[in-house]
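S.K.: Got a structure here, written out as structure tokens. Questions coming.
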There are 2 protein chains.
Amino acid sequence: MKLSQSLSQTSKTVAHDADSVNAKLLTQAGFVKKEAAGVYSYLPFGRKVLAKIKQIVREEMNAVGGEEILMPALTPLENWKKTGRDKVDIAFHPTEKTVLGWSHEEIVTPLAKTRVKSYRDLPLCVYQIQTKFRNEPRAKSGLMRGREFLMKDMYSFHATKEDFEQYYERVKAAYFKVFERVGLKSFLVKAGGGEFTENISHEFQVLTEAGEDRLKICEKCGLGWNAEMEIAKCEKCGGELIEKKGAEVGNIFDLGTKYSDAFKLNFADEKGAQRKVLMGCYGIGVSRLVATIAETCHDEKGLIWPESVSPFQIHLIVLGDDKKVLTEAEKVYEELSTKTEVLFDNRDLPAGVKFADADLIGIPLRLVVSPKTLATDSVEIKKRSAETSELVSLKNLLAKTF
Amino acid sequence: MKLSQSLSQTSKTVAHDADSVNAKLLTQAGFVKKEAAGVYSYLPFGRKVLAKIKQIVREEMNAVGGEEILMPALTPLENWKKTGRDKVDIAFHPTEKTVLGWSHEEIVTPLAKTRVKSYRDLPLCVYQIQTKFRNEPRAKSGLMRGREFLMKDMYSFHATKEDFEQYYERVKAAYFKVFERVGLKSFLVKAGGGEFTENISHEFQVLTEAGEDRLKICEKCGLGWNAEMEIAKCEKCGGELIEKKGAEVGNIFDLGTKYSDAFKLNFADEKGAQRKVLMGCYGIGVSRLVATIAETCHDEKGLIWPESVSPFQIHLIVLGDDKKVLTEAEKVYEELSTKTEVLFDNRDLPAGVKFADADLIGIPLRLVVSPKTLATDSVEIKKRSAETSELVSLKNLLAKTF
């Protein structure tokens, strides 16, 4: 993508209402634009990051046998009356009889009911990557807590507690993988079930001062507890707990039969007896991940994207306005673009501005084509996370596989 | 995907409120489930069709230089006041001060304003594939006219009328390509601008009795007019016009300066003078395409998906319960799955039921593994659109590239 032609642009000024590092950096670097409190547009750079995260989430959910579906945002109020969640504060009501989905147990359970008749139809696991709406009284912290946000929500259905528990452990492992793949170290934390269940739930937390949650983390084994839970030492290894702040990037719930009861989701067991389906639900805050990565992967100059979710792999800069140099840079851009994703800063601006913008945008690798390139047949290459650059011959660069 | 484990299942009964061929077939074949009037869930098969259509649309919009972004559904009412579209009937208002986006001129124009300062920043073209909400008084015809639906909306910004007109023609060509690639023959039809503009607009119509629009189509050159427009003979070639019904799958609008005026979207020209930006907008009904394909690509037995958008390329059926045959079928499934998308009907059901389901679901190619396969080392292969099947040796089948 040529920066001169992109909607995504850097900005020197910080929005007066940028209330967090992620809002500030993502806005300044041209990834998002705030449209209202807790409501953002994703500009080309930001949309690409979202797409990368979605793909990683999709791969890992498919790997644990999840089937992707897409449920609507506009849902009938009557469904929510059946579970008693029709009066929840955070729900938007576009009409008297509708709710904008802030979670989808009320839709997926009747959906599973059309499918599940016998034990042979279980287990079943479906997920979606879909836009959720929550009328947050205090939408804040940039993309951390939005009124409109992208979520992956998965729901599993089981005949027995053993089957559920085995599956729950598989998803737990898949979640650690997802967070690791997007460049985050996550901690498993025990918490209450909130609006979803009376059982204990597990949160996946990333330690960051920008997080809203107070945690107690075991220094020894890394397990954690929500600070509101009464606990003094690690339940597992007896280690000391230290208080930290965290951002909840995922959660997994044992729903038991709460929703199966409400919608009479039963199945016939091997003997033909009717039994209740056991359910689990598993969420990942996809847009919150964008914010969390921004909060944890940056320095004083700007963002530092992990390769796996970076909108581009190479930030190509051309310096000066010598036509021969421009032609050479165009050639490098064309050739590299056949192999990897390249952002080409072809703007007619001073080197200092271009370097500062590259640091702000945070693509993993920076390449510079300058008059020196013609003289030496080499380009300057620098990792965003490194202090120094080196020279690579054009020949080696273009032969490289990315 | 193994049919025995999928949420998508066929059903013999037709929903009592299925009001159209597409609603009936897509529901019976396990592609969608109706959640409320004009609101559907996409089950695994349907979600896959959506993904294929989205990818084709994305490729063609990228090819005309569109940059993909993602704007929110929750939009500030104040933006709509500026264009006088705040009182439009079809808008949902989740709160007094918000509108669920039913189009995005009110969001994209202020967004472009943050980017466009000078003639050097033009042209600019952005698009999104995003969920729209319209409070249709008569949501009907299945996925044809929904209250929640997926749309691709693109917006272009230009310095001169010539530049706009050139771009408009490029998008026109891209639209014909999109519809052709998803298996539809589309007609270009002149119409009024509706809520969007006072200028003439162009619709892309697919002729089908399930369509809501009455058209006059030139028998000679294929150009068309919305029936509400006063015209007797073809404006272009003088040919006779015949009346047809059509489904509007796309539309393109010359917005002129309507939205630039409202949001003061200006640019400095070569001489530094402030001028108004010219805008175009270009829509494709992504979920309506699913409905239109179902309406035009089916027979009395069920759906017949064009290869390009089919959820799978091969529908593999195993007959009987001989363990050796099942093992062979599993092997074929595993091998073919490494090369193409296979739906494997491994259910323990009679051949007649499985064949009927294959016809209903409508995957382009049907393969049958049966006891005969072991005896002859060959499988039965049949195109969904053909009457007869033939035998192919297993060796040739597995060597084939799909």
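Scheme for the structure tokens: letters A, B, ... for chains in order shown; per-chain residue numbers from 1; ligand numbers from 1 in order shown.
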Give the residues of chain A that lie within 6 Å of chain B; count only C-alpha atoms, and format the answer as a PyMOL selection string.
M.R.: chain A and resi 41-44+47+68-72+92-94
S.K.: Taking only C-alpha atoms into account, which of A:Lys113, A:Lys245, A:Lys81, A:Lys12 comes nearest Ser260 (chain A)?
M.R.: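 Nearest candidate to Ser260 (chain A) out of A:Lys113, A:Lys245, A:Lys81, A:Lys12: A:Lys113.
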S.K.: Run DSSP on the backbone of this structure and report the residues of region 112-148 of chain A it assigns to strand (DSSP E), as a list of chain:residue names.
M.R.: A:Leu124, A:Cys125, A:Val126, A:Tyr127, A:Gln128, A:Ile129, A:Gln130, A:Thr131, A:Lys132, A:Phe133, A:Glu148
S.K.: Excluding same-chain residues fewer than 2 positions from Thr373 (chain B), what lies within 12 Å of it counting only C-alpha atoms, as a list in words?
M.R.: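 Near neighbours after the sequence-gap exclusion: Ile317, Val318, Leu319, Gly320, Asp322, Lys324, Val325, Leu326, Thr327, Glu328, Ala329, Val332, Leu367, Val368, Val369, Ser370, Pro371, Ala375, Thr376, Asp377, Ser378, Val379, Glu380, Ile381, Leu391, Val392, Ser393, Leu394 and Lys395 of chain B.
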S.K.: Restricting the calculation to only C-alpha atoms, which member of A:Glu106, A:Asp359, A:Glu198, A:Glu180 is positioned closest to Leu25 (chain A)?
M.R.: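 Smallest distance to Leu25 (chain A) is found for A:Asp359.
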S.K.: Report as a PyMOL selection string: the residues of region 116-273 of chain B with a DSSP assignment of alpha helix (DSSP H), based on the backbone of this structure.
M.R.: chain B and resi 161-181+258-263
S.K.: Would you output that residue set with C-alpha atoms, as an mmCIF file, in the first residue's frame?
M.R.:
data_model
loop_
_atom_site.group_PDB
_atom_site.id
_atom_site.type_symbol
_atom_site.label_atom_id
_atom_site.label_comp_id
_atom_site.auth_asym_id
_atom_site.auth_seq_id
_atom_site.Cartn_x
_atom_site.Cartn_y
_atom_site.Cartn_z
ATOM 1 C CA LYS B 161 -16.187 15.577 -12.584
ATOM 2 C CA GLU B 162 -14.005 13.883 -15.211
ATOM 3 C CA ASP B 163 -12.154 11.941 -12.560
ATOM 4 C CA PHE B 164 -15.400 10.906 -10.904
ATOM 5 C CA GLU B 165 -16.911 9.805 -14.202
ATOM 6 C CA GLN B 166 -13.892 7.728 -15.140
ATOM 7 C CA TYR B 167 -13.929 6.052 -11.774
ATOM 8 C CA TYR B 168 -17.686 5.440 -11.935
ATOM 9 C CA GLU B 169 -17.155 3.526 -15.191
ATOM 10 C CA ARG B 170 -14.376 1.461 -13.624
ATOM 11 C CA VAL B 171 -16.610 0.487 -10.723
ATOM 12 C CA LYS B 172 -19.414 -0.330 -13.155
ATOM 13 C CA ALA B 173 -17.111 -2.814 -14.880
ATOM 14 C CA ALA B 174 -16.005 -4.224 -11.514
ATOM 15 C CA TYR B 175 -19.644 -4.740 -10.541
ATOM 16 C CA PHE B 176 -20.415 -6.744 -13.680
ATOM 17 C CA LYS B 177 -17.373 -8.866 -12.797
ATOM 18 C CA VAL B 178 -18.513 -9.461 -9.223
ATOM 19 C CA PHE B 179 -21.953 -10.628 -10.308
ATOM 20 C CA GLU B 180 -20.551 -12.800 -13.060
ATOM 21 C CA ARG B 181 -18.067 -14.364 -10.651
ATOM 22 C CA LYS B 258 -24.680 16.658 -1.373
ATOM 23 C CA TYR B 259 -22.597 15.239 1.488
ATOM 24 C CA SER B 260 -19.547 17.436 0.873
ATOM 25 C CA ASP B 261 -21.868 20.403 1.317
ATOM 26 C CA ALA B 262 -23.327 19.047 4.529
ATOM 27 C CA PHE B 263 -19.932 18.351 6.121
#
S.K.: For a test of reading the model, state the distance in Å between CA of Asn396 (chain A) and CA of Glu335 (chain A), rounded to one decimal.
M.R.: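 Interatomic distance here is 12.6 Å.
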S.K.: Near Asp299 (chain B), within 12 Å and counting only C-alpha atoms, which residues show up once chain neighbours fewer than 3 positions away are dropped, as an NGL selection string?
M.R.: :B and (21-22 or 25 or 294-296 or 302-305 or 359-362 or 384-386)
S.K.: Export N, CA and C atoms of the chosen residues as a JSON list (two decimals), in the first residue's frame?
M.R.:
[["chain", "number", "residue", "atom", "x", "y", "z"],
["B", 21, "VAL", "N", -38.89, -18.66, -2.23],
["B", 21, "VAL", "CA", -38.09, -19.82, -2.60],
["B", 21, "VAL", "C", -36.77, -19.81, -1.84],
["B", 22, "ASN", "N", -36.12, -18.64, -1.76],
["B", 22, "ASN", "CA", -34.82, -18.61, -1.09],
["B", 22, "ASN", "C", -34.94, -18.94, 0.40],
["B", 25, "LEU", "N", -35.70, -22.84, 0.58],
["B", 25, "LEU", "CA", -34.58, -23.72, 0.24],
["B", 25, "LEU", "C", -33.41, -23.54, 1.21],
["B", 294, "ALA", "N", -29.83, -18.25, -4.69],
["B", 294, "ALA", "CA", -30.77, -19.34, -4.39],
["B", 294, "ALA", "C", -32.01, -19.26, -5.29],
["B", 295, "GLU", "N", -32.49, -18.05, -5.55],
["B", 295, "GLU", "CA", -33.69, -17.88, -6.39],
["B", 295, "GLU", "C", -33.43, -18.28, -7.84],
["B", 296, "THR", "N", -32.22, -18.02, -8.32],
["B", 296, "THR", "CA", -31.96, -18.26, -9.75],
["B", 296, "THR", "C", -31.24, -19.58, -10.01],
["B", 302, "GLY", "N", -33.80, -28.90, -5.32],
["B", 302, "GLY", "CA", -33.03, -28.11, -4.35],
["B", 302, "GLY", "C", -32.10, -27.11, -5.00],
["B", 303, "LEU", "N", -31.12, -26.69, -4.22],
["B", 303, "LEU", "CA", -30.18, -25.66, -4.65],
["B", 303, "LEU", "C", -29.15, -26.22, -5.63],
["B", 304, "ILE", "N", -28.60, -25.34, -6.48],
["B", 304, "ILE", "CA", -27.50, -25.73, -7.38],
["B", 304, "ILE", "C", -26.47, -24.62, -7.31],
["B", 305, "TRP", "N", -25.51, -24.71, -6.38],
["B", 305, "TRP", "CA", -24.56, -23.61, -6.18],
["B", 305, "TRP", "C", -23.57, -23.49, -7.32],
["B", 359, "ASP", "N", -29.06, -33.40, -3.27],
["B", 359, "ASP", "CA", -29.74, -32.55, -4.25],
["B", 359, "ASP", "C", -30.24, -31.26, -3.60],
["B", 360, "LEU", "N", -30.72, -31.38, -2.37],
["B", 360, "LEU", "CA", -31.25, -30.20, -1.67],
["B", 360, "LEU", "C", -30.13, -29.21, -1.35],
["B", 361, "ILE", "N", -29.01, -29.72, -0.84],
["B", 361, "ILE", "CA", -27.88, -28.85, -0.43],
["B", 361, "ILE", "C", -27.19, -28.22, -1.65],
["B", 362, "GLY", "N", -27.07, -29.01, -2.73],
["B", 362, "GLY", "CA", -26.66, -28.41, -4.01],
["B", 362, "GLY", "C", -25.19, -28.18, -4.26],
["B", 384, "ARG", "N", -24.08, -31.93, -9.90],
["B", 384, "ARG", "CA", -25.41, -31.59, -9.41],
["B", 384, "ARG", "C", -26.33, -31.17, -10.55],
["B", 385, "SER", "N", -25.72, -30.53, -11.56],
["B", 385, "SER", "CA", -26.53, -30.00, -12.66],
["B", 385, "SER", "C", -26.76, -31.02, -13.75],
["B", 386, "ALA", "N", -26.15, -32.22, -13.64],
["B", 386, "ALA", "CA", -26.30, -33.24, -14.69],
["B", 386, "ALA", "C", -27.32, -34.29, -14.28]]
